[in-house]
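Data block below; observations after.
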Protein chains: 2
Amino acid sequence: MSSHIMSAFDEELKYLNRRISEMGGLAEQMCADAVHALVNGDSALAQKVISDDVILDNAEREIQEKAIVTIAKRQPMAADLREIIGTLRIAADLERVGDLGKNNAKRVIAVQGTGVPRKLARGLEHLSELALVQLKEVLDVFANRSAQKAEAIRQRDEEIDAMYTSLFRELLTYMMEDPRNITTCTHLLFCAKNIERIGDHATNIAETIYYIATGAQPQGERPKDDSSNTLGAVVE
Amino acid sequence: MSSHIMSAFDEELKYLNRRISEMGGLAEQMCADAVHALVNGDSALAQKVISDDVILDNAEREIQEKAIVTIAKRQPMAADLREIIGTLRIAADLERVGDLGKNNAKRVIAVQGTGVPRKLARGLEHLSELALVQLKEVLDVFANRSAQKAEAIRQRDEEIDAMYTSLFRELLTYMMEDPRNITTCTHLLFCAKNIERIGDHATNIAETIYYIATGAQPQGERPKDDSSNTLGAVVE
């Protein structure tokens, strides 16, 4: 009887983990598509990203409902409980990643009049690649549960912040050179910020994996979201 | 024995609720201080906001740890379980509100060279007042647990979005009038966006309260985070 219950619990966990992987795959695809749509002025692709977000929102709700039923039914202790609470947190982060992709997709129409200058497009694509590699790796680590690897990913968020800061400077330069660039560049500034925040969510997920594996929060100030700090100096 | 356990559980819930109220009060104060520091170029106050954020981060961790211990020890069902899971979500939203206040505080140094034009300062203050009233009311509703009131707050986020859109237009106008305004106005754009996101987090909290009270997610598309949609048209 006890092993029967255990196995039902394991089945439920496995199901939640599979749904997290699916959410992660969709969120990644949405963010990649949004940047592609932005750079190529592809409003049909942008529209697809916007409608995909509904799927992601529903997936988060479903995971949440299933997780709560599992806790109530199985009454898990310690590591198992951490695992389910961690799943809820990761689902919330992935839902936010989808929102950021959707927000970028919505800006496609706003920048379509002028198009995105080639050099800025390359910068956005590069930033997006970095953030999506980060997200993909953290989802792989989630599948394997390695606290060490999660810690390494958490440290690497600085690279994305540095790249974001450099793109921020470039966008300001374009705006100063010609006021007609201001509207488009402002939207691209928000797109860049959204992508940087995708990296932050990957970092959140890495912290959650560390917590699931060890029961502790990672130690030390986290190197996140602080590019605005350096910007003060950079931008002067 | 059973009533003894019940009362220990109630004590733990009460403690968690008190900690949420404290987090809410601090997050509100930080956001108000950050805008005050921005408008008055008060870098000492900005520094205080930045250091207050550590208190908020620690409070979220403590709530999380306590909540999980409570679930493991008391094995709550249905409504009680929803209450604790809801508490975790609200703590995460308040932690993010603090991050947004901190991010605004960090921009004080960046805009200090030029100062904030009076009209834009008024706009930021007004937007901030709206968002903070929203946050304060939602925390009051949390104390009283009214699903109807939570739903009303959720609907009102549109007002903040409209105000944000108008401020966004004004900032773009300043930038186009004189390229020397670009750096400052870019930081103010991000500040305005951060404040708009505080309103989004208040809406998240309203949704969580609705969920705690009813066990269901609020129905219908939520009127949030979509100012970027209209911006496409507005900004053309």
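The chains in the structure tokens are called A, B, ... from first to last as shown; in each chain the residues are counted from 1, and the ligands are counted from 1 in the order shown.
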
**Request:** Can you pull out every residue within 10 Å of Phe190 of chain A, counting only C-alpha atoms, but drop anything in the same chain fewer than 6 positions away, and send it as a VMD selection string?
**Result:** (chain A and resid 100 103 to 104 107 168 196) or (chain B and resid 189 to 190 193 228)

Generate a file of the selected residues that holds N, CA and C atoms, formatted as a PDB file, in the first residue's frame.
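Final output, saved to result37.pdb:
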```
ATOM      1  N   LEU A 100       7.196  38.339 -21.353  1.00  0.00           N
ATOM      2  CA  LEU A 100       8.240  39.213 -21.901  1.00  0.00           C
ATOM      3  C   LEU A 100       8.364  39.008 -23.406  1.00  0.00           C
ATOM      4  N   ASN A 103       5.435  40.745 -24.903  1.00  0.00           N
ATOM      5  CA  ASN A 103       5.622  42.192 -24.917  1.00  0.00           C
ATOM      6  C   ASN A 103       6.538  42.615 -26.078  1.00  0.00           C
ATOM      7  N   ASN A 104       7.600  41.842 -26.327  1.00  0.00           N
ATOM      8  CA  ASN A 104       8.471  42.140 -27.474  1.00  0.00           C
ATOM      9  C   ASN A 104       7.695  41.996 -28.785  1.00  0.00           C
ATOM     10  N   ARG A 107       5.660  44.915 -29.848  1.00  0.00           N
ATOM     11  CA  ARG A 107       6.388  46.103 -30.320  1.00  0.00           C
ATOM     12  C   ARG A 107       6.735  46.017 -31.804  1.00  0.00           C
ATOM     13  N   PHE A 168      22.399  49.130 -24.664  1.00  0.00           N
ATOM     14  CA  PHE A 168      21.740  50.337 -24.139  1.00  0.00           C
ATOM     15  C   PHE A 168      22.484  51.589 -24.605  1.00  0.00           C
ATOM     16  N   GLU A 196      16.921  41.051 -21.179  1.00  0.00           N
ATOM     17  CA  GLU A 196      17.771  40.970 -19.985  1.00  0.00           C
ATOM     18  C   GLU A 196      16.983  40.330 -18.841  1.00  0.00           C
TER      19      GLU A 196
ATOM     20  N   LEU B 189      11.802  56.958 -18.405  1.00  0.00           N
ATOM     21  CA  LEU B 189      10.939  55.973 -19.076  1.00  0.00           C
ATOM     22  C   LEU B 189      10.944  54.650 -18.316  1.00  0.00           C
ATOM     23  N   PHE B 190      12.152  54.222 -17.940  1.00  0.00           N
ATOM     24  CA  PHE B 190      12.250  52.959 -17.190  1.00  0.00           C
ATOM     25  C   PHE B 190      11.617  53.091 -15.804  1.00  0.00           C
ATOM     26  N   LYS B 193       7.931  52.805 -16.301  1.00  0.00           N
ATOM     27  CA  LYS B 193       7.605  51.399 -16.561  1.00  0.00           C
ATOM     28  C   LYS B 193       7.648  50.602 -15.250  1.00  0.00           C
ATOM     29  N   SER B 228       1.788  48.683 -23.873  1.00  0.00           N
ATOM     30  CA  SER B 228       2.709  48.627 -25.002  1.00  0.00           C
ATOM     31  C   SER B 228       1.940  48.394 -26.295  1.00  0.00           C
TER      32      SER B 228
END
```

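Shell of segment 141-156 of chain B at 9 Å, with only C-alpha atoms counted and residues fewer than 2 places along the chain excluded, is Asn17, Ser21, Gln134, Lys136, Glu137, Val138, Leu139, Glu158, Glu159, Ile160, Asp200, Ala202, Thr203, Asn204, Ile205, Ala206, Glu207, Thr208, Ile209, Tyr210, Tyr211, Ile212, Ala213, Thr214, Pro218, Arg222, Pro223 and Lys224 of chain B.
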
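By chain and then residue number, the residues within 7 Å of segment 42-54 of chain A are Met30, Asp33, Ala34, Ala37, Leu38, Asn40, Leu56, Asp57, Asn58, Gly98, Asp99, Lys102, Ala105, Lys106, Val108 and Ile109 of chain A, counting only C-alpha atoms and disregarding those fewer than 2 positions away in sequence.
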